[in-house]
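This is coords33.txt (compact mmCIF, C-alpha atoms).
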# COMPACT_ATOMS: atom_id res chain seq x y z
CA MET A 105 -13.16 -17.31 -35.90
CA ASP A 106 -13.76 -17.07 -39.64
CA ILE A 107 -16.84 -18.87 -40.99
CA VAL A 108 -15.86 -20.70 -44.18
CA ALA A 109 -19.18 -22.38 -45.03
CA GLU A 110 -22.60 -22.95 -43.50
CA THR A 111 -25.34 -25.51 -44.15
CA VAL A 112 -28.64 -26.38 -42.45
CA GLU A 113 -30.11 -29.87 -42.27
CA LYS A 114 -33.17 -30.92 -40.25
CA GLY A 115 -32.83 -28.08 -37.77
CA VAL A 116 -29.05 -28.37 -37.33
CA ILE A 117 -26.77 -25.58 -38.51
CA GLU A 118 -23.27 -26.76 -39.41
CA ARG A 119 -20.65 -24.01 -39.61
CA ARG A 120 -17.21 -24.82 -40.95
CA PHE A 121 -14.72 -22.29 -39.53
CA ASP A 122 -11.03 -21.51 -39.26
CA LEU A 123 -9.62 -20.40 -35.91
CA GLN A 124 -6.32 -18.55 -35.86
CA VAL A 125 -4.19 -19.52 -32.84
CA GLY A 126 -0.75 -17.96 -33.07
CA ALA A 127 0.76 -19.10 -36.36
CA GLU A 128 -1.66 -22.04 -36.66
CA THR A 129 -4.90 -22.05 -38.63
CA VAL A 130 -7.15 -24.55 -36.86
CA PRO A 131 -10.09 -25.93 -38.88
CA GLY A 132 -13.25 -26.69 -36.95
CA ILE A 133 -16.99 -27.25 -37.13
CA HIS A 134 -19.66 -25.66 -34.96
CA TRP A 135 -23.04 -27.39 -34.87
CA LEU A 136 -25.92 -25.46 -33.31
CA PRO A 137 -29.70 -25.51 -33.34
CA GLU A 138 -31.45 -23.45 -35.97
CA ASN A 139 -32.93 -20.21 -34.60
CA ALA A 140 -31.00 -20.46 -31.32
CA THR A 141 -31.62 -17.39 -29.16
CA ALA A 142 -30.97 -18.02 -25.46
CA PRO A 143 -27.58 -19.03 -24.02
CA ARG A 144 -27.19 -22.82 -23.84
CA PRO A 145 -24.56 -25.45 -23.05
CA THR A 146 -21.81 -26.35 -25.50
CA VAL A 147 -19.98 -29.69 -25.75
CA LEU A 148 -16.45 -29.86 -27.16
CA ILE A 149 -15.60 -33.10 -29.01
CA GLY A 150 -12.00 -34.28 -29.23
CA HIS A 151 -11.70 -36.87 -31.99
CA GLY A 152 -9.55 -40.01 -31.81
CA GLY A 153 -6.21 -40.71 -33.44
CA THR A 154 -6.31 -41.10 -37.26
CA GLN A 155 -9.71 -39.34 -37.21
CA HIS A 156 -10.85 -35.76 -37.84
CA LYS A 157 -13.50 -33.23 -36.89
CA ARG A 158 -16.30 -34.77 -39.00
CA VAL A 159 -15.87 -38.54 -38.79
CA PRO A 160 -19.18 -40.42 -38.46
CA ASN A 161 -19.00 -40.94 -34.68
CA VAL A 162 -18.30 -37.23 -34.07
CA LEU A 163 -21.01 -36.14 -36.51
CA GLY A 164 -23.56 -38.57 -35.05
CA LEU A 165 -22.98 -37.46 -31.47
CA ALA A 166 -22.97 -33.78 -32.45
CA ARG A 167 -26.30 -33.97 -34.27
CA GLN A 168 -27.85 -35.96 -31.44
CA LEU A 169 -26.87 -33.38 -28.81
CA VAL A 170 -28.09 -30.51 -30.97
CA ARG A 171 -31.44 -32.13 -31.85
CA HIS A 172 -32.21 -33.76 -28.51
CA ARG A 173 -30.81 -31.20 -26.07
CA GLY A 174 -30.49 -27.96 -28.07
CA TYR A 175 -26.77 -27.75 -27.30
CA GLY A 176 -24.01 -26.28 -29.36
CA VAL A 177 -21.23 -28.74 -30.28
CA VAL A 178 -17.74 -27.97 -31.57
CA ALA A 179 -14.97 -30.17 -32.97
CA LEU A 180 -11.46 -29.16 -34.06
CA ASP A 181 -8.93 -30.99 -36.21
CA ALA A 182 -6.08 -31.97 -33.92
CA PRO A 183 -2.50 -31.23 -35.09
CA GLY A 184 -1.53 -33.58 -37.89
CA HIS A 185 -5.13 -34.69 -38.50
CA GLY A 186 -7.95 -33.86 -40.89
CA ASP A 187 -7.27 -30.74 -42.92
CA ARG A 188 -4.00 -30.22 -41.01
CA ARG A 189 -2.26 -33.42 -42.05
CA THR A 190 0.38 -33.92 -44.71
CA GLU A 191 0.08 -36.59 -47.38
CA ASP A 192 2.52 -38.81 -45.48
CA GLU A 193 0.45 -38.41 -42.32
CA ARG A 194 -2.72 -39.27 -44.24
CA LEU A 195 -1.23 -42.51 -45.57
CA ALA A 196 0.12 -43.50 -42.15
CA GLN A 197 -3.24 -42.84 -40.50
CA GLU A 198 -5.08 -44.89 -43.09
CA ALA A 199 -2.73 -47.80 -42.43
CA ARG A 200 -3.31 -47.52 -38.66
CA ARG A 201 -7.08 -47.44 -39.22
CA ARG A 202 -6.91 -50.64 -41.25
CA ASP A 203 -5.01 -52.29 -38.40
CA LEU A 204 -7.59 -51.15 -35.85
CA VAL A 205 -10.50 -52.76 -37.68
CA GLY A 206 -8.50 -55.89 -38.52
CA ALA A 207 -6.40 -58.31 -36.55
CA GLY A 208 -3.13 -56.39 -36.74
CA ALA A 209 -3.65 -53.76 -34.04
CA ALA A 210 -0.83 -53.58 -31.51
CA PRO A 211 -0.72 -51.90 -28.08
CA LEU A 212 0.00 -48.18 -28.10
CA SER A 213 3.76 -47.75 -28.37
CA GLU A 214 5.81 -45.46 -26.16
CA GLU A 215 6.90 -43.62 -29.31
CA ARG A 216 3.27 -42.87 -30.21
CA ALA A 217 2.47 -41.85 -26.63
CA ARG A 218 5.43 -39.44 -26.59
CA ALA A 219 4.35 -37.96 -29.93
CA MET A 220 0.91 -37.15 -28.53
CA LEU A 221 2.37 -35.67 -25.34
CA LYS A 222 4.58 -33.38 -27.41
CA VAL A 223 1.59 -31.51 -28.87
CA VAL A 224 -0.50 -31.36 -25.66
CA PRO A 225 0.38 -27.68 -24.92
CA GLN A 226 -0.63 -26.72 -28.46
CA VAL A 227 -3.93 -28.62 -28.27
CA VAL A 228 -4.79 -27.08 -24.88
CA ALA A 229 -4.05 -23.59 -26.22
CA GLU A 230 -6.27 -24.18 -29.26
CA TRP A 231 -9.26 -25.34 -27.21
CA GLY A 232 -8.74 -22.40 -24.85
CA ALA A 233 -8.79 -19.98 -27.79
CA LEU A 234 -11.99 -21.60 -29.03
CA LEU A 235 -13.67 -21.17 -25.64
CA ASP A 236 -12.64 -17.50 -25.68
CA GLU A 237 -14.36 -17.14 -29.06
CA LEU A 238 -17.53 -18.90 -27.91
CA GLU A 239 -17.73 -16.69 -24.84
CA GLY A 240 -17.78 -13.68 -27.15
CA ASP A 241 -21.09 -14.85 -28.65
CA PRO A 242 -24.14 -13.97 -26.50
CA ASN A 243 -25.86 -17.24 -27.48
CA TRP A 244 -23.06 -19.28 -25.91
CA SER A 245 -21.23 -16.98 -23.51
CA LYS A 246 -22.73 -18.37 -20.30
CA GLY A 247 -21.86 -21.97 -21.04
CA PRO A 248 -21.63 -24.29 -19.28
CA PHE A 249 -19.14 -26.31 -21.31
CA GLY A 250 -18.70 -30.07 -21.49
CA TYR A 251 -16.05 -32.23 -23.15
CA TRP A 252 -16.29 -35.59 -24.93
CA GLY A 253 -13.15 -37.37 -26.13
CA VAL A 254 -11.98 -40.98 -26.09
CA SER A 255 -8.66 -42.59 -27.09
CA MET A 256 -6.51 -39.67 -28.32
CA GLY A 257 -9.38 -37.45 -27.21
CA THR A 258 -8.67 -38.62 -23.65
CA ALA A 259 -4.89 -38.25 -24.00
CA PHE A 260 -5.53 -34.59 -24.86
CA GLY A 261 -8.66 -34.25 -22.74
CA VAL A 262 -7.10 -35.00 -19.35
CA PRO A 263 -4.55 -32.14 -19.49
CA LEU A 264 -7.17 -29.87 -21.07
CA ILE A 265 -9.61 -30.44 -18.22
CA VAL A 266 -6.88 -29.81 -15.66
CA ASP A 267 -5.95 -26.52 -17.37
CA GLU A 268 -9.43 -25.30 -18.30
CA PRO A 269 -11.83 -24.41 -15.43
CA ARG A 270 -14.64 -23.61 -17.87
CA ILE A 271 -15.23 -27.32 -18.56
CA ALA A 272 -17.84 -28.56 -16.09
CA ALA A 273 -18.21 -32.26 -16.98
CA ALA A 274 -16.52 -34.71 -19.35
CA VAL A 275 -16.87 -38.08 -21.06
CA LEU A 276 -13.48 -39.79 -21.41
CA GLY A 277 -12.37 -43.32 -22.21
CA LEU A 278 -10.35 -45.81 -24.25
CA GLY A 279 -7.30 -44.62 -22.37
CA ALA A 280 -4.92 -46.25 -19.91
CA LEU A 281 -2.58 -45.16 -17.16
CA ARG A 282 1.06 -45.83 -18.01
CA ALA A 283 2.62 -47.23 -14.85
CA GLU A 284 5.84 -45.24 -15.28
CA SER A 285 4.15 -41.88 -15.92
CA LYS A 286 3.98 -39.86 -12.71
CA ALA A 287 2.84 -36.81 -14.70
CA GLN A 288 -0.14 -38.68 -16.16
CA ARG A 289 -1.17 -39.95 -12.72
CA ALA A 290 -0.85 -36.45 -11.23
CA ALA A 291 -2.94 -34.92 -14.01
CA ALA A 292 -5.69 -37.52 -13.53
CA ALA A 293 -5.66 -36.91 -9.77
CA ALA A 294 -6.06 -33.14 -10.33
CA ILE A 295 -9.41 -33.63 -12.10
CA SER A 296 -12.42 -32.93 -9.89
CA ILE A 297 -15.34 -32.52 -12.32
CA PRO A 298 -17.89 -35.32 -12.96
CA ILE A 299 -16.54 -37.96 -15.36
CA LEU A 300 -18.14 -40.73 -17.43
CA PHE A 301 -15.41 -43.16 -18.51
CA LEU A 302 -15.95 -45.60 -21.41
CA PHE A 303 -13.79 -48.69 -21.87
CA GLN A 304 -13.68 -51.73 -24.14
CA TRP A 305 -12.80 -54.99 -22.36
CA ASP A 306 -11.05 -56.42 -25.43
CA ASP A 307 -9.20 -53.21 -26.37
CA GLN A 308 -6.09 -54.08 -28.39
CA LEU A 309 -4.35 -50.75 -27.68
CA MET A 310 -5.03 -50.25 -23.97
CA THR A 311 -4.65 -52.90 -21.27
CA ARG A 312 -7.52 -53.68 -18.92
CA GLU A 313 -5.26 -52.97 -15.96
CA GLY A 314 -4.23 -49.60 -17.42
CA GLY A 315 -7.82 -48.57 -18.15
CA LEU A 316 -9.00 -49.45 -14.65
CA ALA A 317 -5.96 -47.70 -13.17
CA LEU A 318 -6.69 -44.48 -15.08
CA TRP A 319 -10.30 -44.45 -13.88
CA ASP A 320 -9.12 -45.14 -10.33
CA ALA A 321 -6.56 -42.31 -10.54
CA LEU A 322 -9.16 -39.70 -11.48
CA GLY A 323 -9.67 -37.35 -8.55
CA SER A 324 -13.36 -36.75 -9.25
CA ALA A 325 -15.79 -37.47 -6.42
CA GLU A 326 -18.39 -38.35 -9.06
CA LYS A 327 -17.08 -40.75 -11.69
CA THR A 328 -18.68 -43.68 -13.47
CA MET A 329 -17.09 -46.35 -15.66
CA HIS A 330 -18.94 -48.19 -18.43
CA ILE A 331 -17.18 -51.35 -19.66
CA ASN A 332 -18.37 -53.14 -22.79
CA PRO A 333 -16.99 -56.21 -24.58
CA GLY A 334 -15.29 -55.61 -27.91
CA PRO A 335 -12.23 -54.00 -29.50
CA HIS A 336 -10.88 -50.45 -29.31
CA VAL A 337 -13.03 -49.34 -32.26
CA GLY A 338 -16.26 -50.83 -30.98
CA VAL A 339 -17.91 -48.59 -28.39
CA PRO A 340 -21.65 -49.42 -28.63
CA LEU A 341 -23.92 -46.76 -30.12
CA PHE A 342 -26.07 -46.82 -26.98
CA GLU A 343 -23.23 -45.12 -25.12
CA ARG A 344 -24.25 -41.96 -26.99
CA GLU A 345 -27.50 -42.07 -25.01
CA ALA A 346 -25.49 -42.45 -21.81
CA ALA A 347 -23.36 -39.45 -22.74
CA GLU A 348 -26.45 -37.38 -23.54
CA MET A 349 -28.03 -38.18 -20.14
CA PHE A 350 -24.71 -37.50 -18.41
CA PHE A 351 -24.47 -34.03 -19.96
CA ARG A 352 -28.15 -33.40 -19.22
CA ARG A 353 -27.50 -33.99 -15.50
CA HIS A 354 -24.40 -31.83 -15.32
CA LEU A 355 -24.87 -29.05 -17.88
CA GLU A 356 -28.56 -28.26 -17.38
CA ALA A 357 -28.73 -27.88 -13.60

Could you take the file, read its structure, and then write that structure out as structure tokens?
Amino acid sequence: MDIVAETVEKGVIERRFDLQVGAETVPGIHWLPENATAPRPTVLIGHGGTQHKRVPNVLGLARQLVRHRGYGVVALDAPGHGDRRTEDERLAQEARRRDLVGAGAAPLSEERARAMLKVVPQVVAEWGALLDELEGDPNWSKGPFGYWGVSMGTAFGVPLIVDEPRIAAAVLGLGALRAESKAQRAAAAAISIPILFLFQWDDQLMTREGGLALWDALGSAEKTMHINPGPHVGVPLFEREAAEMFFRRHLEA
């Protein structure tokens, strides 16, 4: 992990880094409390589609967890997002974002779902390499590690959690089970860690039936679903408090 830049604001260190994973240079940000000494939990944040490692919702949650709980928090740019996107990808993502906040949003297409599935092995490998790096630092080596990721962050998060035993608890959401996908159902069933699942009742991209089915398919003995009214891009800010308390219960035992 190569540190590219570092700033400090109100007790929060923000380190911009590049992580080399095979032939890929993966840009990321590591937020941590100033003057951290003892090992402490770390939460990984998987951003949504069209987003990147430092969008406002990621930044807000990261700073909250650092300031309130003293955690470390890390976010990576997913393939084709943030500093890894081409100009064509940037323009397409901006158009999709405009649809999401307007009236033109359409349900997630099979083409888009297949495109995300195609890069799952790469995303899982990148998060695994990051965890290896964090475990090499005595301030973070003992974990435990949590994961937060909704929408695309859930599409990538489910297979990551199945593959990565170092993740002890996760917040997922804004995802849906595709009735024809046996692999997706099997992956959800293989998850056993505690899960908090967030869903929007008026989500334009994910059906209510699919969202409830994904939660039901999760194999975890401890799982909770929070449903709020509103569109896909409309999770209430108070759900950050719920996520913080969830991680407090499961990462600080």

Quick one: everything within 8 Å of Pro263 in chain A, counting all atoms listed in the file, minus sequence neighbours fewer than 5 positions away in the same chain. Send it as an mmCIF file with C-alpha atoms, keeping the file's coordinate frame.
data_model
loop_
_atom_site.group_PDB
_atom_site.id
_atom_site.type_symbol
_atom_site.label_atom_id
_atom_site.label_comp_id
_atom_site.auth_asym_id
_atom_site.auth_seq_id
_atom_site.Cartn_x
_atom_site.Cartn_y
_atom_site.Cartn_z
ATOM 1 C CA VAL A 224 -0.500 -31.360 -25.660
ATOM 2 C CA VAL A 228 -4.790 -27.080 -24.880
ATOM 3 C CA ALA A 291 -2.940 -34.920 -14.010
#

Practice prompt. Find, counting all atoms listed in the file, the residue in A:Ala229, A:Arg144, A:Glu191, A:Gly153 that gets nearest to Leu123 in chain A.
Written response: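 Smallest distance to Leu123 in chain A is found for A:Ala229.
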
Worksheet entry | Residue contacts of Arg312 in chain A (12 Å, only C-alpha atoms) excluding same-chain residues fewer than 4 positions away, as a ChimeraX atom specification | /A:211,277-282,302-308,316-319,331-333,335-336

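By only C-alpha atoms, and with residues fewer than 2 positions from Asp320 in chain A along its chain excluded, the set lying at most 10 Å from it is Leu281, Arg289, Ala292, Ala293, Gly314, Gly315, Leu316, Ala317, Leu318, Leu322, Gly323, Ser324, Lys327 and Met329 of chain A.
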
Response to the item:
The residue from A:Glu113, A:Glu348, A:Asp236, A:Glu313 with the smallest atom-to-atom distance to Val125 in chain A, counting only C-alpha atoms, is A:Asp236

Worksheet item: Given the choices A:Gln168, A:Thr328, A:Asn161, A:Thr154, which gets closest to Arg188 in chain A if the distance is worked out from all atoms listed in the file?
Response: A:Thr154

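The residue that comes closest to His151 in chain A, out of A:Val130, A:Ala217, A:Leu180, A:Val108 and on the basis of all atoms listed in the file, is A:Leu180.
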
Worksheet item: Could you pull the residues within 9 Å of Gly261 in chain A, counting only C-alpha atoms, minus those fewer than 2 positions along the same chain, as a ChimeraX atom specification?
Response: /A:150,228,251-254,256-259,263-266,274,276
